[in-house]
file my_file_12.pdb (PDB, C-alpha atoms and all ligand atoms)
ATOM      1  CA  MET A 288     -22.740 -40.400 -21.760  1.00  0.00           C
ATOM      2  CA  THR A 289     -23.034 -43.256 -19.341  1.00  0.00           C
ATOM      3  CA  ASP A 290     -25.856 -45.785 -19.141  1.00  0.00           C
ATOM      4  CA  GLN A 291     -28.560 -44.607 -16.714  1.00  0.00           C
ATOM      5  CA  HIS A 292     -28.545 -47.881 -14.756  1.00  0.00           C
ATOM      6  CA  ALA A 293     -24.825 -47.567 -14.217  1.00  0.00           C
ATOM      7  CA  LEU A 294     -25.202 -43.972 -13.034  1.00  0.00           C
ATOM      8  CA  ASP A 295     -28.006 -44.884 -10.637  1.00  0.00           C
ATOM      9  CA  TYR A 296     -25.884 -47.703  -9.244  1.00  0.00           C
ATOM     10  CA  ILE A 297     -22.830 -45.440  -8.816  1.00  0.00           C
ATOM     11  CA  ARG A 298     -24.843 -42.635  -7.216  1.00  0.00           C
ATOM     12  CA  LYS A 299     -26.538 -44.892  -4.744  1.00  0.00           C
ATOM     13  CA  LEU A 300     -23.435 -46.832  -3.824  1.00  0.00           C
ATOM     14  CA  TYR A 301     -20.696 -44.204  -3.787  1.00  0.00           C
ATOM     15  CA  ALA A 302     -22.240 -40.755  -3.874  1.00  0.00           C
ATOM     16  CA  GLN A 303     -25.201 -40.491  -1.559  1.00  0.00           C
ATOM     17  CA  GLU A 304     -26.321 -37.027  -0.637  1.00  0.00           C
ATOM     18  CA  ASP A 305     -26.888 -36.064   2.968  1.00  0.00           C
ATOM     19  CA  PRO A 306     -30.264 -34.401   3.741  1.00  0.00           C
ATOM     20  CA  LEU A 307     -28.915 -30.887   3.117  1.00  0.00           C
ATOM     21  CA  LEU A 308     -27.472 -31.700  -0.323  1.00  0.00           C
ATOM     22  CA  LYS A 309     -30.755 -33.456  -1.144  1.00  0.00           C
ATOM     23  CA  GLU A 310     -32.671 -30.370  -0.091  1.00  0.00           C
ATOM     24  CA  ILE A 311     -30.523 -28.121  -2.290  1.00  0.00           C
ATOM     25  CA  ALA A 312     -31.009 -30.426  -5.278  1.00  0.00           C
ATOM     26  CA  ASN A 313     -34.768 -30.613  -4.637  1.00  0.00           C
ATOM     27  CA  THR A 314     -35.051 -26.848  -4.317  1.00  0.00           C
ATOM     28  CA  PHE A 315     -33.559 -26.322  -7.760  1.00  0.00           C
ATOM     29  CA  GLU A 316     -35.511 -29.244  -9.191  1.00  0.00           C
ATOM     30  CA  GLN A 317     -38.714 -27.490  -8.127  1.00  0.00           C
ATOM     31  CA  ARG A 318     -37.503 -24.316  -9.811  1.00  0.00           C
ATOM     32  CA  ASN A 319     -36.772 -26.296 -12.997  1.00  0.00           C
ATOM     33  CA  ASN A 320     -33.195 -25.195 -12.672  1.00  0.00           C
ATOM     34  CA  ALA A 321     -31.387 -28.276 -11.338  1.00  0.00           C
ATOM     35  CA  ILE A 322     -28.167 -27.484 -13.151  1.00  0.00           C
ATOM     36  CA  GLN A 323     -25.779 -28.212 -10.295  1.00  0.00           C
ATOM     37  CA  VAL A 324     -23.362 -31.106 -10.728  1.00  0.00           C
ATOM     38  CA  TRP A 325     -24.684 -34.624 -10.160  1.00  0.00           C
ATOM     39  CA  SER A 326     -23.795 -36.328  -6.899  1.00  0.00           C
ATOM     40  CA  GLU A 327     -21.138 -38.542  -8.496  1.00  0.00           C
ATOM     41  CA  GLU A 328     -19.498 -35.400  -9.869  1.00  0.00           C
ATOM     42  CA  GLY A 329     -19.682 -33.802  -6.433  1.00  0.00           C
ATOM     43  CA  LYS A 330     -17.954 -36.892  -5.077  1.00  0.00           C
ATOM     44  CA  ILE A 331     -15.333 -36.763  -7.822  1.00  0.00           C
ATOM     45  CA  LEU A 332     -14.607 -33.136  -6.871  1.00  0.00           C
ATOM     46  CA  ASN A 333     -14.369 -34.165  -3.226  1.00  0.00           C
ATOM     47  CA  ILE A 334     -11.986 -37.045  -3.933  1.00  0.00           C
ATOM     48  CA  LEU A 335      -9.805 -35.024  -6.302  1.00  0.00           C
ATOM     49  CA  LEU A 336      -9.326 -32.238  -3.776  1.00  0.00           C
ATOM     50  CA  LYS A 337      -8.440 -34.779  -1.097  1.00  0.00           C
ATOM     51  CA  ILE A 338      -5.887 -36.547  -3.288  1.00  0.00           C
ATOM     52  CA  HIS A 339      -4.444 -33.207  -4.289  1.00  0.00           C
ATOM     53  CA  GLN A 340      -4.452 -31.955  -0.691  1.00  0.00           C
ATOM     54  CA  THR A 341      -6.014 -28.734  -1.895  1.00  0.00           C
ATOM     55  CA  LYS A 342      -6.302 -25.964   0.664  1.00  0.00           C
ATOM     56  CA  THR A 343      -7.699 -23.034  -1.279  1.00  0.00           C
ATOM     57  CA  VAL A 344     -10.138 -23.395  -4.153  1.00  0.00           C
ATOM     58  CA  VAL A 345     -12.023 -20.839  -6.216  1.00  0.00           C
ATOM     59  CA  GLU A 346     -15.329 -21.792  -7.786  1.00  0.00           C
ATOM     60  CA  VAL A 347     -17.152 -19.840 -10.494  1.00  0.00           C
ATOM     61  CA  GLY A 348     -20.889 -20.572 -10.459  1.00  0.00           C
ATOM     62  CA  THR A 349     -22.211 -21.227  -6.948  1.00  0.00           C
ATOM     63  CA  LEU A 350     -25.886 -21.794  -7.791  1.00  0.00           C
ATOM     64  CA  GLY A 351     -27.190 -23.157  -4.450  1.00  0.00           C
ATOM     65  CA  GLY A 352     -23.845 -24.076  -2.928  1.00  0.00           C
ATOM     66  CA  TYR A 353     -24.159 -27.766  -3.808  1.00  0.00           C
ATOM     67  CA  SER A 354     -20.692 -28.267  -5.319  1.00  0.00           C
ATOM     68  CA  ALA A 355     -19.108 -25.802  -2.868  1.00  0.00           C
ATOM     69  CA  ILE A 356     -20.261 -28.016   0.014  1.00  0.00           C
ATOM     70  CA  TRP A 357     -18.955 -31.193  -1.669  1.00  0.00           C
ATOM     71  CA  MET A 358     -15.596 -29.460  -2.139  1.00  0.00           C
ATOM     72  CA  ALA A 359     -15.394 -27.794   1.274  1.00  0.00           C
ATOM     73  CA  ARG A 360     -15.875 -31.186   2.909  1.00  0.00           C
ATOM     74  CA  ALA A 361     -12.607 -32.296   1.288  1.00  0.00           C
ATOM     75  CA  LEU A 362     -10.516 -29.485   2.708  1.00  0.00           C
ATOM     76  CA  PRO A 363      -8.245 -29.627   5.754  1.00  0.00           C
ATOM     77  CA  ARG A 364      -8.599 -27.243   8.696  1.00  0.00           C
ATOM     78  CA  GLY A 365      -7.912 -23.745   7.404  1.00  0.00           C
ATOM     79  CA  GLY A 366      -8.900 -24.716   3.870  1.00  0.00           C
ATOM     80  CA  HIS A 367     -11.325 -22.474   2.008  1.00  0.00           C
ATOM     81  CA  VAL A 368     -13.709 -22.338  -0.943  1.00  0.00           C
ATOM     82  CA  HIS A 369     -14.196 -18.913  -2.504  1.00  0.00           C
ATOM     83  CA  THR A 370     -17.283 -19.209  -4.668  1.00  0.00           C
ATOM     84  CA  VAL A 371     -18.603 -16.636  -7.134  1.00  0.00           C
ATOM     85  CA  GLU A 372     -22.288 -16.218  -7.970  1.00  0.00           C
ATOM     86  CA  LYS A 373     -23.743 -13.644 -10.333  1.00  0.00           C
ATOM     87  CA  SER A 374     -27.423 -14.068  -9.507  1.00  0.00           C
ATOM     88  CA  PRO A 375     -28.431 -12.317  -6.248  1.00  0.00           C
ATOM     89  CA  GLU A 376     -31.304 -14.775  -5.871  1.00  0.00           C
ATOM     90  CA  HIS A 377     -29.036 -17.810  -6.139  1.00  0.00           C
ATOM     91  CA  ALA A 378     -26.423 -16.223  -3.889  1.00  0.00           C
ATOM     92  CA  GLU A 379     -29.093 -15.671  -1.239  1.00  0.00           C
ATOM     93  CA  LEU A 380     -30.266 -19.283  -1.472  1.00  0.00           C
ATOM     94  CA  ALA A 381     -26.669 -20.506  -1.312  1.00  0.00           C
ATOM     95  CA  ARG A 382     -26.006 -18.389   1.773  1.00  0.00           C
ATOM     96  CA  SER A 383     -28.997 -19.897   3.556  1.00  0.00           C
ATOM     97  CA  PHE A 384     -28.006 -23.479   2.679  1.00  0.00           C
ATOM     98  CA  ILE A 385     -24.306 -23.055   3.434  1.00  0.00           C
ATOM     99  CA  LYS A 386     -25.103 -21.432   6.784  1.00  0.00           C
ATOM    100  CA  ARG A 387     -26.822 -24.663   7.783  1.00  0.00           C
ATOM    101  CA  SER A 388     -23.994 -26.911   6.585  1.00  0.00           C
ATOM    102  CA  ASP A 389     -21.098 -28.393   8.550  1.00  0.00           C
ATOM    103  CA  VAL A 390     -18.628 -26.401   6.420  1.00  0.00           C
ATOM    104  CA  ALA A 391     -20.071 -22.883   6.723  1.00  0.00           C
ATOM    105  CA  ASP A 392     -16.772 -21.520   8.046  1.00  0.00           C
ATOM    106  CA  LYS A 393     -14.919 -22.893   5.021  1.00  0.00           C
ATOM    107  CA  ILE A 394     -16.972 -21.185   2.303  1.00  0.00           C
ATOM    108  CA  THR A 395     -17.162 -17.537   1.245  1.00  0.00           C
ATOM    109  CA  ILE A 396     -19.738 -16.482  -1.324  1.00  0.00           C
ATOM    110  CA  TRP A 397     -18.692 -13.572  -3.523  1.00  0.00           C
ATOM    111  CA  GLU A 398     -21.714 -12.071  -5.210  1.00  0.00           C
ATOM    112  CA  GLY A 399     -21.262 -10.467  -8.605  1.00  0.00           C
ATOM    113  CA  GLU A 400     -20.175 -10.959 -12.169  1.00  0.00           C
ATOM    114  CA  GLY A 401     -17.440 -13.594 -12.643  1.00  0.00           C
ATOM    115  CA  ALA A 402     -14.601 -11.644 -14.240  1.00  0.00           C
ATOM    116  CA  LYS A 403     -15.041  -8.635 -11.982  1.00  0.00           C
ATOM    117  CA  ILE A 404     -15.177 -10.659  -8.789  1.00  0.00           C
ATOM    118  CA  LEU A 405     -12.261 -12.862  -9.809  1.00  0.00           C
ATOM    119  CA  SER A 406      -9.976  -9.877 -10.082  1.00  0.00           C
ATOM    120  CA  ARG A 407     -11.080  -8.817  -6.601  1.00  0.00           C
ATOM    121  CA  ILE A 408     -10.387 -12.320  -5.273  1.00  0.00           C
ATOM    122  CA  ALA A 409      -6.932 -12.190  -6.871  1.00  0.00           C
ATOM    123  CA  GLU A 410      -6.136  -9.123  -4.777  1.00  0.00           C
ATOM    124  CA  THR A 411      -6.724 -11.048  -1.561  1.00  0.00           C
ATOM    125  CA  VAL A 412      -5.594 -14.604  -2.291  1.00  0.00           C
ATOM    126  CA  GLN A 413      -2.725 -14.150  -4.807  1.00  0.00           C
ATOM    127  CA  THR A 414      -2.488 -17.818  -5.780  1.00  0.00           C
ATOM    128  CA  VAL A 415      -4.873 -20.705  -5.222  1.00  0.00           C
ATOM    129  CA  ASP A 416      -4.443 -24.466  -5.288  1.00  0.00           C
ATOM    130  CA  ALA A 417      -7.468 -25.227  -7.434  1.00  0.00           C
ATOM    131  CA  MET A 418     -10.264 -23.708  -9.478  1.00  0.00           C
ATOM    132  CA  PHE A 419     -13.634 -25.200 -10.408  1.00  0.00           C
ATOM    133  CA  ILE A 420     -15.360 -23.593 -13.381  1.00  0.00           C
ATOM    134  CA  ASP A 421     -19.116 -24.175 -13.690  1.00  0.00           C
ATOM    135  CA  ALA A 422     -20.647 -20.899 -14.852  1.00  0.00           C
ATOM    136  CA  ASP A 423     -21.662 -19.217 -18.125  1.00  0.00           C
ATOM    137  CA  LYS A 424     -20.142 -21.290 -20.890  1.00  0.00           C
ATOM    138  CA  THR A 425     -18.965 -18.383 -23.043  1.00  0.00           C
ATOM    139  CA  GLY A 426     -16.935 -17.152 -20.082  1.00  0.00           C
ATOM    140  CA  TYR A 427     -14.791 -20.313 -19.870  1.00  0.00           C
ATOM    141  CA  PRO A 428     -11.783 -18.939 -21.841  1.00  0.00           C
ATOM    142  CA  ALA A 429     -11.644 -15.855 -19.594  1.00  0.00           C
ATOM    143  CA  TYR A 430     -11.909 -18.050 -16.493  1.00  0.00           C
ATOM    144  CA  LEU A 431      -9.035 -20.129 -17.844  1.00  0.00           C
ATOM    145  CA  ASP A 432      -6.993 -16.940 -18.277  1.00  0.00           C
ATOM    146  CA  TRP A 433      -7.573 -16.278 -14.590  1.00  0.00           C
ATOM    147  CA  ALA A 434      -6.623 -19.849 -13.722  1.00  0.00           C
ATOM    148  CA  GLU A 435      -3.392 -19.603 -15.703  1.00  0.00           C
ATOM    149  CA  ALA A 436      -2.503 -16.458 -13.773  1.00  0.00           C
ATOM    150  CA  HIS A 437      -3.626 -17.467 -10.281  1.00  0.00           C
ATOM    151  CA  VAL A 438      -3.736 -21.235  -9.888  1.00  0.00           C
ATOM    152  CA  ARG A 439      -0.300 -22.313  -8.711  1.00  0.00           C
ATOM    153  CA  LYS A 440       1.895 -24.638 -10.736  1.00  0.00           C
ATOM    154  CA  GLY A 441       0.814 -28.152  -9.854  1.00  0.00           C
ATOM    155  CA  GLY A 442      -2.641 -26.773  -9.076  1.00  0.00           C
ATOM    156  CA  LEU A 443      -5.894 -28.185 -10.374  1.00  0.00           C
ATOM    157  CA  ILE A 444      -8.279 -26.703 -12.890  1.00  0.00           C
ATOM    158  CA  ILE A 445     -11.596 -28.529 -13.098  1.00  0.00           C
ATOM    159  CA  ALA A 446     -14.509 -27.593 -15.341  1.00  0.00           C
ATOM    160  CA  ASP A 447     -18.068 -28.853 -15.742  1.00  0.00           C
ATOM    161  CA  ASN A 448     -20.053 -29.136 -18.973  1.00  0.00           C
ATOM    162  CA  THR A 449     -17.018 -29.395 -21.205  1.00  0.00           C
ATOM    163  CA  LEU A 450     -18.947 -31.685 -23.553  1.00  0.00           C
ATOM    164  CA  LEU A 451     -21.277 -28.692 -23.961  1.00  0.00           C
ATOM    165  CA  PHE A 452     -24.438 -30.804 -23.894  1.00  0.00           C
ATOM    166  CA  GLY A 453     -23.185 -33.127 -26.611  1.00  0.00           C
ATOM    167  CA  SER A 454     -22.269 -30.394 -29.060  1.00  0.00           C
ATOM    168  CA  VAL A 455     -18.582 -29.723 -28.460  1.00  0.00           C
ATOM    169  CA  TYR A 456     -17.373 -32.600 -30.639  1.00  0.00           C
ATOM    170  CA  GLN A 457     -19.386 -31.529 -33.657  1.00  0.00           C
ATOM    171  CA  ASN A 458     -16.876 -30.107 -36.063  1.00  0.00           C
ATOM    172  CA  THR A 459     -18.892 -27.226 -37.379  1.00  0.00           C
ATOM    173  CA  LEU A 460     -20.597 -24.304 -35.735  1.00  0.00           C
ATOM    174  CA  PRO A 461     -24.121 -25.046 -34.549  1.00  0.00           C
ATOM    175  CA  GLU A 462     -26.563 -23.229 -36.770  1.00  0.00           C
ATOM    176  CA  ASP A 463     -29.481 -22.629 -34.445  1.00  0.00           C
ATOM    177  CA  SER A 464     -28.537 -19.508 -32.509  1.00  0.00           C
ATOM    178  CA  ARG A 465     -25.805 -16.970 -32.006  1.00  0.00           C
ATOM    179  CA  ALA A 466     -25.686 -17.812 -28.279  1.00  0.00           C
ATOM    180  CA  ARG A 467     -25.033 -21.479 -29.024  1.00  0.00           C
ATOM    181  CA  GLN A 468     -22.367 -20.572 -31.547  1.00  0.00           C
ATOM    182  CA  ASN A 469     -20.608 -18.401 -29.007  1.00  0.00           C
ATOM    183  CA  ALA A 470     -20.748 -21.149 -26.397  1.00  0.00           C
ATOM    184  CA  TRP A 471     -19.478 -23.729 -28.902  1.00  0.00           C
ATOM    185  CA  GLN A 472     -16.566 -21.526 -29.896  1.00  0.00           C
ATOM    186  CA  ALA A 473     -15.723 -20.783 -26.280  1.00  0.00           C
ATOM    187  CA  MET A 474     -15.802 -24.435 -25.215  1.00  0.00           C
ATOM    188  CA  ARG A 475     -13.756 -25.562 -28.220  1.00  0.00           C
ATOM    189  CA  GLU A 476     -11.153 -22.962 -27.316  1.00  0.00           C
ATOM    190  CA  PHE A 477     -11.260 -23.955 -23.647  1.00  0.00           C
ATOM    191  CA  ASN A 478     -10.793 -27.667 -24.348  1.00  0.00           C
ATOM    192  CA  ASN A 479      -8.100 -27.048 -26.969  1.00  0.00           C
ATOM    193  CA  ARG A 480      -6.164 -24.907 -24.531  1.00  0.00           C
ATOM    194  CA  LEU A 481      -6.395 -27.515 -21.757  1.00  0.00           C
ATOM    195  CA  ALA A 482      -5.155 -30.146 -24.221  1.00  0.00           C
ATOM    196  CA  ASP A 483      -1.905 -28.208 -24.757  1.00  0.00           C
ATOM    197  CA  THR A 484       0.557 -30.553 -23.084  1.00  0.00           C
ATOM    198  CA  SER A 485       3.157 -27.821 -22.703  1.00  0.00           C
ATOM    199  CA  ARG A 486       0.825 -26.051 -20.253  1.00  0.00           C
ATOM    200  CA  PHE A 487      -1.354 -28.752 -18.697  1.00  0.00           C
ATOM    201  CA  ASP A 488      -1.731 -32.426 -17.970  1.00  0.00           C
ATOM    202  CA  ALA A 489      -5.417 -32.760 -18.731  1.00  0.00           C
ATOM    203  CA  ILE A 490      -8.231 -35.187 -19.354  1.00  0.00           C
ATOM    204  CA  MET A 491     -11.994 -35.109 -19.613  1.00  0.00           C
ATOM    205  CA  ILE A 492     -14.009 -37.645 -17.655  1.00  0.00           C
ATOM    206  CA  PRO A 493     -17.022 -38.491 -19.805  1.00  0.00           C
ATOM    207  CA  THR A 494     -19.619 -37.898 -17.104  1.00  0.00           C
ATOM    208  CA  GLU A 495     -23.081 -36.937 -18.321  1.00  0.00           C
ATOM    209  CA  GLU A 496     -21.926 -33.363 -18.848  1.00  0.00           C
ATOM    210  CA  GLY A 497     -18.192 -33.851 -19.285  1.00  0.00           C
ATOM    211  CA  LEU A 498     -15.852 -32.989 -16.421  1.00  0.00           C
ATOM    212  CA  SER A 499     -12.431 -31.731 -17.444  1.00  0.00           C
ATOM    213  CA  ILE A 500      -9.513 -32.011 -15.066  1.00  0.00           C
ATOM    214  CA  ALA A 501      -6.136 -30.379 -15.586  1.00  0.00           C
ATOM    215  CA  ILE A 502      -2.936 -29.974 -13.638  1.00  0.00           C
ATOM    216  CA  ARG A 503      -1.194 -26.709 -14.390  1.00  0.00           C
ATOM    217  CA  LYS A 504       2.418 -27.293 -15.422  1.00  0.00           C
TER     218      LYS A 504
HETATM  219  C1  LIG B   1     -26.516 -25.453 -17.583  1.00  0.00           C
HETATM  220  C2  LIG B   1     -25.426 -25.042 -16.855  1.00  0.00           C
HETATM  221  C3  LIG B   1     -24.681 -25.962 -16.162  1.00  0.00           C
HETATM  222  O1  LIG B   1     -23.587 -25.612 -15.444  1.00  0.00           O
HETATM  223  C4  LIG B   1     -25.022 -27.308 -16.178  1.00  0.00           C
HETATM  224  O2  LIG B   1     -24.251 -28.177 -15.481  1.00  0.00           O
HETATM  225  C5  LIG B   1     -26.116 -27.735 -16.896  1.00  0.00           C
HETATM  226  C6  LIG B   1     -26.868 -26.801 -17.612  1.00  0.00           C
HETATM  227  C7  LIG B   1     -27.313 -24.444 -18.329  1.00  0.00           C
HETATM  228  O3  LIG B   1     -26.953 -23.255 -18.259  1.00  0.00           O
HETATM  229  O4  LIG B   1     -28.284 -24.818 -18.962  1.00  0.00           O
HETATM  230 MG    MG B   2     -22.476 -27.270 -14.771  1.00  0.00          MG
END
call {"tool": "encode", "arguments": {"input": "my_file_12.pdb", "output": "structure tokens"}}
result
Amino acid sequence: MTDQHALDYIRKLYAQEDPLLKEIANTFEQRNNAIQVWSEEGKILNILLKIHQTKTVVEVGTLGGYSAIWMARALPRGGHVHTVEKSPEHAELARSFIKRSDVADKITIWEGEGAKILSRIAETVQTVDAMFIDADKTGYPAYLDWAEAHVRKGGLIIADNTLLFGSVYQNTLPEDSRARQNAWQAMREFNNRLADTSRFDAIMIPTEEGLSIAIRK
């Protein structure tokens, strides 16, 4: 969405990665799977959690632990990121990176399928201060159900890719594949629900991928 020169300038000036974050990004770049948030989005997550004084946050979609580390660095002593990853391979990579980070004691990786693991997390944490959704796009409405049940009032719900790669604002179903149609329908529903002012104060920051931010009323 934003001019590439502007993004480069912002990244370099405000959102530099330390060597570990760089290594995580490079690892996924080499696997042609660099789908973690960009560094400016990591920094936005970090700043939001600080402003909000978040203590407990649940993330869906760990990948290599990149965003979990950005978030964990915003938390006070005793704060925690519970992060859910479906792929055993990614969970293993994330474990190895997080172990080497300065916030290893603030992050727990839960390996398994999102909905299943979230109900297990709910048994242990009851309510959380914030949730970051960055996983399978068709799952977003179900993740929002979980957020409405378990993120406290005044808590934050943040979601990546809510522009759905430039397709969410097209007013008709994409015609190319069933998978894309399902994702489009899910993201339309997700955004429409967040826009309900009786339930949320919400906005989308037009980052490259679209980053939605909502306060649960
Ligand atoms: C994809 C997923 C993401 O979360 C993202 O930020 C970019 C791409 C994907 O599945 O292709
Ligand atoms: Mg994403």
call {"tool": "residues_around", "arguments": {"input": "my_file_12.pdb", "residues": "region 332-345 of chain A", "least_positions_apart": "5", "cutoff": "6 Å", "atoms": "only C-alpha atoms", "output": "PyMOL selection string"}}
result
chain A and resi 357-358+361-362+366-370+415-418
call {"tool": "residues_near_ligand", "arguments": {"input": "my_file_12.pdb", "ligand": "ligand MG 2 (chain B)", "cutoff": "6 Å", "atoms": "only C-alpha atoms and all ligand atoms", "output": "ChimeraX atom specification"}}
result
/A:322-324,421,447-448
call {"tool": "residues_near_ligand", "arguments": {"input": "my_file_12.pdb", "ligand": "ligand LIG 1 (chain B)", "cutoff": "12 Å", "atoms": "all atoms listed in the file", "output": "compact mmCIF listing (two decimals) with C-alpha atoms, in the frame of the given file"}}
result
# COMPACT_ATOMS: atom_id res chain seq x y z
CA PHE A 315 -33.56 -26.32 -7.76
CA ASN A 319 -36.77 -26.30 -13.00
CA ASN A 320 -33.20 -25.20 -12.67
CA ALA A 321 -31.39 -28.28 -11.34
CA ILE A 322 -28.17 -27.48 -13.15
CA GLN A 323 -25.78 -28.21 -10.30
CA VAL A 324 -23.36 -31.11 -10.73
CA TRP A 325 -24.68 -34.62 -10.16
CA SER A 326 -23.80 -36.33 -6.90
CA GLU A 328 -19.50 -35.40 -9.87
CA GLY A 329 -19.68 -33.80 -6.43
CA GLU A 346 -15.33 -21.79 -7.79
CA VAL A 347 -17.15 -19.84 -10.49
CA GLY A 348 -20.89 -20.57 -10.46
CA THR A 349 -22.21 -21.23 -6.95
CA LEU A 350 -25.89 -21.79 -7.79
CA GLY A 351 -27.19 -23.16 -4.45
CA TYR A 353 -24.16 -27.77 -3.81
CA SER A 354 -20.69 -28.27 -5.32
CA PHE A 419 -13.63 -25.20 -10.41
CA ILE A 420 -15.36 -23.59 -13.38
CA ASP A 421 -19.12 -24.18 -13.69
CA ALA A 422 -20.65 -20.90 -14.85
CA ASP A 423 -21.66 -19.22 -18.12
CA LYS A 424 -20.14 -21.29 -20.89
CA THR A 425 -18.96 -18.38 -23.04
CA GLY A 426 -16.93 -17.15 -20.08
CA TYR A 427 -14.79 -20.31 -19.87
CA ALA A 446 -14.51 -27.59 -15.34
CA ASP A 447 -18.07 -28.85 -15.74
CA ASN A 448 -20.05 -29.14 -18.97
CA THR A 449 -17.02 -29.40 -21.20
CA LEU A 450 -18.95 -31.68 -23.55
CA LEU A 451 -21.28 -28.69 -23.96
CA PHE A 452 -24.44 -30.80 -23.89
CA GLY A 453 -23.18 -33.13 -26.61
CA ALA A 466 -25.69 -17.81 -28.28
CA ARG A 467 -25.03 -21.48 -29.02
CA ALA A 470 -20.75 -21.15 -26.40
CA THR A 494 -19.62 -37.90 -17.10
CA GLU A 495 -23.08 -36.94 -18.32
CA GLU A 496 -21.93 -33.36 -18.85
CA GLY A 497 -18.19 -33.85 -19.28
CA LEU A 498 -15.85 -32.99 -16.42
call {"tool": "resolve_selection", "arguments": {"input": "my_file_12.pdb", "expression": "the PyMOL selection byres (((chain A and resi 397) around 12) and not hetatm)", "output": "JSON, numbers by chain"}}
result
{"A": [345, 346, 347, 348, 349, 350, 352, 368, 369, 370, 371, 372, 373, 374, 375, 377, 378, 379, 381, 382, 394, 395, 396, 398, 399, 400, 401, 402, 403, 404, 405, 406, 407, 408]}
call {"tool": "resolve_selection", "arguments": {"input": "my_file_12.pdb", "expression": "the PyMOL selection byres (((chain A and resi 472-486) around 6) and not hetatm)", "output": "ChimeraX atom specification"}}
result
/A:425,428,469-471,487-488,504
call {"tool": "closest_residue", "arguments": {"input": "my_file_12.pdb", "among": "A:Ser499, A:Ile490, A:Gly365, A:His437", "to": "Thr411 (chain A)", "atoms": "only C-alpha atoms"}}
result
A:His437
call {"tool": "atom_distance", "arguments": {"input": "my_file_12.pdb", "atom1": "CA of Leu431 (chain A)", "atom2": "CA of Arg503 (chain A)"}}
result
10.8 Å
call {"tool": "atom_distance", "arguments": {"input": "my_file_12.pdb", "atom1": "CA of Met491 (chain A)", "atom2": "CA of Pro461 (chain A)"}}
result
21.7 Å
call {"tool": "atom_distance", "arguments": {"input": "my_file_12.pdb", "atom1": "CA of Val455 (chain A)", "atom2": "CA of Ile311 (chain A)"}}
result
28.8 Å
call {"tool": "closest_residue", "arguments": {"input": "my_file_12.pdb", "among": "A:Gln303, A:Ala501, A:Asn458, A:Glu310", "to": "Leu380 (chain A)", "atoms": "all atoms listed in the file"}}
result
A:Glu310
call {"tool": "axis_aligned_box", "arguments": {"input": "my_file_12.pdb", "around": "region 338-348 of chain A", "padding_each_side": "3 Å", "output": "AutoDock Vina command-line options"}}
result
--center_x -12.7 --center_y -28.2 --center_z -4.9 --size_x 22.4 --size_y 22.7 --size_z 17.2
call {"tool": "closest_residue", "arguments": {"input": "my_file_12.pdb", "among": "A:Ser383, A:Ala293, A:Lys393, A:Ile502", "to": "Gly442 (chain A)", "atoms": "only C-alpha atoms"}}
result
A:Ile502
call {"tool": "closest_residue", "arguments": {"input": "my_file_12.pdb", "among": "A:Asp389, A:Leu307, A:Ile500, A:Val438", "to": "Gln413 (chain A)", "atoms": "only C-alpha atoms"}}
result
A:Val438
